[in-house]
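First the structure, in the form of structure tokens, and then the observations on it.
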Amino acid sequence: MKQDKQTKYFTILTTGRTGSDYLQSCLDGVPGILTLPGQTYYKNFFDSLKKDFKNIKNEELIDFFLIKYTNLFIEDKIENKKANIDIVKFKKIFLEISKNQKLTKRIFVENIFKTYLNISKKKNKKFKAIVNHSHTVTETDFFLELFPESKLLVTIRNPLENLKSGIENWRKYEKKYYGERNYFYTKRILYDLRFAKRFKRKVFFVKLENCFYKKEKLKLSKFLGVKYSNKINIATYNGKIWIGDKLSQNRTTDGSFNYRLLKPKKNNFYSQKDISTLSYLYKEYKKFGYLNKYNLSFGKRVRYFFNCFLPLEFEKKTFIEKPLKFDNYKFFIKRIILCLCNL
């Protein structure tokens, strides 16, 4: 890998359903940037090893990695990607790069990037930015431990639209979990943002509603330390056009931004009480220009306290659909506690 002396590392965190895969795909074709064709879960990988990392041979490590993360090399069904990377060739190159090296976890990750470069269309190109897609807080925190010099990219969205998209799309695709998924997204949207805000000096927030504007892409390019390229407007993975994940109900076919996501829709998901309750819960998003119509008066706070104990419309739906499913009520109680803890 012709790595520029000034090469910097970045990793992408998302609060869920906020365009992190779109962001990564837009960076795929940009000169000076190297990114894998999907999300990476390095912590999960190292934690799942049956032996101590130091006692595992290089060949065993790469074999397990290739088997465990077919989403990066063969097919990612949820993200709707078919990379079709030759894993036999990938293994061979990885072992050549790692030959005579005593692998640490950091070097292992670096060599995964170097190997991918060798079989991608960007071979022999110089890079100024290596962008990882850690996706979750747990994986992001781990990547930042391995690469403490990394800067952070965070995709965000209007929290009410974020929550709606997460619950509705996963419900259609998954058809299970119900109450657990409701609670998971309600909490994630708040606490993932708080995690990101700890990195004030090295974080760039990408708002879904603005991410397609050229001025935003120029700012992003500057943050990444690369020249602006029109290729940043087309979503690809390993050079192939990406049309969106399986969960998305609307897609584009040319890799362009899906403007239909931003069209106002009739609200049939939240009640006015829901909007009041969730707007208070997600008040930290006001800093990013969201929920500006909602004020934080004492009266709103009192109303929020009492509303915490009442089920939200999507919670009511889970009670009706699965009235005997205990988890629906367990996670409803956990959501009440979550709201009270953020009074």
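Residue numbering restarts at 1 in every chain; chains get A, B, ... in the order shown in the structure tokens, and ligands count up from 1 in that same order.
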### Message
List as a list in words the protein and nucleic acid residues near region 304-311 of chain A, meaning an atom at most 7 Å away when only C-alpha atoms are counted, but skip any in the same chain fewer than 4 places from it.
### Response
Thr277, Lys300, Glu315, Lys316, Ile336, Cys339 and Leu340 of chain A
### Query
If we count only C-alpha atoms, what is near Asn268 (chain A) at a cut-off of 12 Å, once residues fewer than 5 positions away on the same chain are taken out, given as a PyMOL selection string?
chain A and resi 164+168+274-275+313-314
### Query
Which residue gives the smallest distance to Gly29 (chain A) among A:Ile232, A:Leu95, A:Ile333, A:Ile241, with only C-alpha atoms counted?
A:Ile232
### Message
Taking only C-alpha atoms into account, name the residue in A:Tyr183, A:Glu209, A:Phe53, A:Lys263 that is nearest to Phe331 (chain A).
### Response
A:Tyr183
#### Entry: Test item: residues at most 9 Å from region 128-133 of chain A, only C-alpha atoms, excluding those fewer than 3 positions along its chain, as a ChimeraX atom specification
/A:3-13,20-21,24,27,31-36,38-41,113,136,140,143,224-226
Considering only C-alpha atoms, return as a compact mmCIF listing (two decimals) with N, CA and C atoms, in the first residue's frame whatever protein or nucleic-acid residues lie within 10 Å of Leu193 (chain A), sequence-local ones (same chain, fewer than 5 positions apart) excluded.
```txt
# COMPACT_ATOMS: atom_id res chain seq x y z
N LEU A 13 -19.40 6.25 12.95
CA LEU A 13 -20.38 5.85 13.96
C LEU A 13 -21.76 6.32 13.50
N THR A 14 -22.78 5.52 13.76
CA THR A 14 -24.14 5.93 13.40
C THR A 14 -25.07 5.74 14.59
N THR A 15 -26.13 6.51 14.64
CA THR A 15 -27.17 6.29 15.64
C THR A 15 -28.25 5.38 15.06
N VAL A 137 -21.38 1.93 18.87
CA VAL A 137 -20.56 2.55 19.91
C VAL A 137 -19.49 1.59 20.40
N VAL A 154 -19.68 10.99 12.35
CA VAL A 154 -20.93 10.55 12.97
C VAL A 154 -22.11 10.96 12.09
N THR A 155 -22.92 10.00 11.68
CA THR A 155 -24.11 10.32 10.89
C THR A 155 -25.30 10.47 11.83
N ILE A 156 -26.03 11.57 11.68
CA ILE A 156 -27.20 11.84 12.51
C ILE A 156 -28.38 12.27 11.64
N ARG A 188 -30.72 4.10 21.86
CA ARG A 188 -29.53 4.27 21.02
C ARG A 188 -29.40 5.68 20.47
N ARG A 198 -18.29 13.33 23.13
CA ARG A 198 -17.07 13.34 23.95
C ARG A 198 -15.85 13.65 23.11
N PHE A 205 -19.88 15.78 12.32
CA PHE A 205 -21.25 15.28 12.28
C PHE A 205 -21.83 15.46 10.88
N TYR A 282 -35.08 13.89 23.54
CA TYR A 282 -33.99 14.11 22.58
C TYR A 282 -33.60 15.59 22.47
N GLU A 284 -31.12 17.17 23.38
CA GLU A 284 -29.72 17.44 23.04
C GLU A 284 -29.52 17.62 21.54
N TYR A 285 -30.49 17.19 20.75
CA TYR A 285 -30.39 17.34 19.30
C TYR A 285 -30.68 18.77 18.84
```
Please identify which residues in region 146-267 of chain A DSSP calls strand (DSSP E or B) from the backbone, and express them as a PDB file with C-alpha atoms, in the first residue's frame.
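Output saved as part.pdb:
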```
ATOM      1  CA  LYS A 151     -10.926  11.072  13.951  1.00  0.00           C
ATOM      2  CA  LEU A 152     -14.640  10.354  14.146  1.00  0.00           C
ATOM      3  CA  LEU A 153     -17.404  10.685  11.557  1.00  0.00           C
ATOM      4  CA  VAL A 154     -20.935  10.549  12.968  1.00  0.00           C
ATOM      5  CA  THR A 155     -24.108  10.319  10.893  1.00  0.00           C
ATOM      6  CA  ILE A 156     -27.198  11.840  12.513  1.00  0.00           C
ATOM      7  CA  VAL A 203     -15.483  14.675  15.258  1.00  0.00           C
ATOM      8  CA  PHE A 204     -17.468  15.613  12.152  1.00  0.00           C
ATOM      9  CA  PHE A 205     -21.254  15.277  12.283  1.00  0.00           C
ATOM     10  CA  VAL A 206     -22.912  14.395   8.969  1.00  0.00           C
ATOM     11  CA  LYS A 207     -26.589  15.355   8.975  1.00  0.00           C
ATOM     12  CA  THR A 236     -20.436   2.612  -4.587  1.00  0.00           C
ATOM     13  CA  TYR A 237     -18.770  -0.373  -2.911  1.00  0.00           C
ATOM     14  CA  LYS A 240     -19.952  -1.043  -7.910  1.00  0.00           C
ATOM     15  CA  ILE A 241     -23.063   1.132  -7.680  1.00  0.00           C
TER      16      ILE A 241
END
```
### Query
In terms of the shortest atom-to-atom distance over only C-alpha atoms, which of A:Ser276, A:Ile107, A:Phe127, A:Lys334 is closest to Lys227 (chain A)?
A:Phe127
### Task
Please identify all polymer residues within 9 Å of Ile87 (chain A), counting only C-alpha atoms, omitting same-chain residues fewer than 6 positions from it, and present them as a list in words.
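The residues that qualify are Leu66, Phe73 and Ile74 of chain A.
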### Message
Can you pull out the residues contacting Leu163 (chain A)? Cut-off 9 Å, using only C-alpha atoms, and skip same-chain residues under 5 positions away; I want them as a list in words.
### Response
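Using only C-alpha atoms, the neighbours found are Gly16, Arg17, Asn158, Glu168, Asn182, Tyr185, Thr186 and Ile189 of chain A.
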Asn295 (chain A): which residues within 10 Å, counting only C-alpha atoms, same-chain residues fewer than 4 positions away excluded, as a short mmCIF file (atom, residue, chain, number, x, y, z; two decimals) with N, CA and C atoms, in the first residue's frame?
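Everything below was put into part.cif:
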```
data_model
loop_
_atom_site.label_atom_id
_atom_site.label_comp_id
_atom_site.auth_asym_id
_atom_site.auth_seq_id
_atom_site.Cartn_x
_atom_site.Cartn_y
_atom_site.Cartn_z
N SER A 276 -44.34 15.27 21.96
CA SER A 276 -43.94 16.09 23.11
C SER A 276 -42.95 15.35 24.00
N SER A 279 -39.57 14.67 22.04
CA SER A 279 -38.84 15.92 21.78
C SER A 279 -38.09 16.37 23.03
N TYR A 280 -38.68 16.13 24.19
CA TYR A 280 -37.98 16.46 25.44
C TYR A 280 -36.83 15.48 25.67
N LYS A 283 -33.75 16.31 23.57
CA LYS A 283 -33.49 17.75 23.57
C LYS A 283 -32.06 18.10 23.19
N LYS A 286 -31.17 19.59 19.75
CA LYS A 286 -31.44 20.98 19.40
C LYS A 286 -30.14 21.68 18.98
N LEU A 291 -35.65 19.88 16.21
CA LEU A 291 -36.65 20.11 17.26
C LEU A 291 -36.66 21.55 17.76
N GLY A 299 -43.17 23.89 32.37
CA GLY A 299 -44.42 23.18 32.11
C GLY A 299 -44.20 21.95 31.24
N LYS A 300 -43.32 22.07 30.26
CA LYS A 300 -43.01 20.94 29.38
C LYS A 300 -42.35 19.82 30.18
N ARG A 301 -41.51 20.23 31.12
CA ARG A 301 -40.81 19.24 31.94
C ARG A 301 -41.80 18.47 32.82
#
```
### Task
Please run DSSP on the backbone and report, as a PyMOL selection string, all residues within region 235-303 of chain A that come out as alpha helix (DSSP H).
chain A and resi 272-281+298-303
Could you dump the residues just selected with N, CA and C atoms as a PDB file, in the first residue's frame?
```
ATOM      1  N   GLN A 272     -49.570  13.308  19.310  1.00  0.00           N
ATOM      2  CA  GLN A 272     -49.000  14.580  19.759  1.00  0.00           C
ATOM      3  C   GLN A 272     -48.296  14.413  21.101  1.00  0.00           C
ATOM      4  N   LYS A 273     -48.827  13.533  21.942  1.00  0.00           N
ATOM      5  CA  LYS A 273     -48.186  13.237  23.231  1.00  0.00           C
ATOM      6  C   LYS A 273     -46.814  12.604  23.003  1.00  0.00           C
ATOM      7  N   ASP A 274     -46.746  11.692  22.035  1.00  0.00           N
ATOM      8  CA  ASP A 274     -45.460  11.063  21.709  1.00  0.00           C
ATOM      9  C   ASP A 274     -44.434  12.107  21.300  1.00  0.00           C
ATOM     10  N   ILE A 275     -44.861  13.008  20.427  1.00  0.00           N
ATOM     11  CA  ILE A 275     -43.950  14.036  19.911  1.00  0.00           C
ATOM     12  C   ILE A 275     -43.439  14.911  21.050  1.00  0.00           C
ATOM     13  N   SER A 276     -44.340  15.271  21.963  1.00  0.00           N
ATOM     14  CA  SER A 276     -43.943  16.093  23.109  1.00  0.00           C
ATOM     15  C   SER A 276     -42.946  15.345  23.997  1.00  0.00           C
ATOM     16  N   THR A 277     -43.236  14.087  24.279  1.00  0.00           N
ATOM     17  CA  THR A 277     -42.374  13.278  25.154  1.00  0.00           C
ATOM     18  C   THR A 277     -40.997  13.059  24.537  1.00  0.00           C
ATOM     19  N   LEU A 278     -40.972  12.640  23.281  1.00  0.00           N
ATOM     20  CA  LEU A 278     -39.708  12.319  22.620  1.00  0.00           C
ATOM     21  C   LEU A 278     -38.888  13.568  22.309  1.00  0.00           C
ATOM     22  N   SER A 279     -39.565  14.675  22.035  1.00  0.00           N
ATOM     23  CA  SER A 279     -38.843  15.924  21.783  1.00  0.00           C
ATOM     24  C   SER A 279     -38.087  16.371  23.026  1.00  0.00           C
ATOM     25  N   TYR A 280     -38.683  16.130  24.190  1.00  0.00           N
ATOM     26  CA  TYR A 280     -37.978  16.463  25.436  1.00  0.00           C
ATOM     27  C   TYR A 280     -36.832  15.481  25.673  1.00  0.00           C
ATOM     28  N   LEU A 281     -37.090  14.201  25.460  1.00  0.00           N
ATOM     29  CA  LEU A 281     -36.054  13.186  25.659  1.00  0.00           C
ATOM     30  C   LEU A 281     -34.837  13.463  24.783  1.00  0.00           C
ATOM     31  N   PHE A 298     -40.634  24.917  32.038  1.00  0.00           N
ATOM     32  CA  PHE A 298     -40.913  24.111  33.232  1.00  0.00           C
ATOM     33  C   PHE A 298     -42.173  23.286  33.036  1.00  0.00           C
ATOM     34  N   GLY A 299     -43.168  23.893  32.372  1.00  0.00           N
ATOM     35  CA  GLY A 299     -44.421  23.183  32.114  1.00  0.00           C
ATOM     36  C   GLY A 299     -44.201  21.952  31.243  1.00  0.00           C
ATOM     37  N   LYS A 300     -43.321  22.074  30.261  1.00  0.00           N
ATOM     38  CA  LYS A 300     -43.007  20.937  29.382  1.00  0.00           C
ATOM     39  C   LYS A 300     -42.348  19.816  30.183  1.00  0.00           C
ATOM     40  N   ARG A 301     -41.512  20.228  31.123  1.00  0.00           N
ATOM     41  CA  ARG A 301     -40.813  19.236  31.942  1.00  0.00           C
ATOM     42  C   ARG A 301     -41.799  18.468  32.825  1.00  0.00           C
ATOM     43  N   VAL A 302     -42.753  19.174  33.417  1.00  0.00           N
ATOM     44  CA  VAL A 302     -43.760  18.532  34.257  1.00  0.00           C
ATOM     45  C   VAL A 302     -44.607  17.580  33.426  1.00  0.00           C
ATOM     46  N   ARG A 303     -45.026  18.030  32.235  1.00  0.00           N
ATOM     47  CA  ARG A 303     -45.829  17.196  31.346  1.00  0.00           C
ATOM     48  C   ARG A 303     -45.043  15.958  30.922  1.00  0.00           C
TER      49      ARG A 303
END
```
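We find CA of Ile337 (chain A) and CA of Ile320 (chain A) to be spaced 22.0 Å apart.
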## Note on the structure
CA of Leu61 (chain A) sits from CA of Lys126 (chain A) at a separation of 27.4 Å
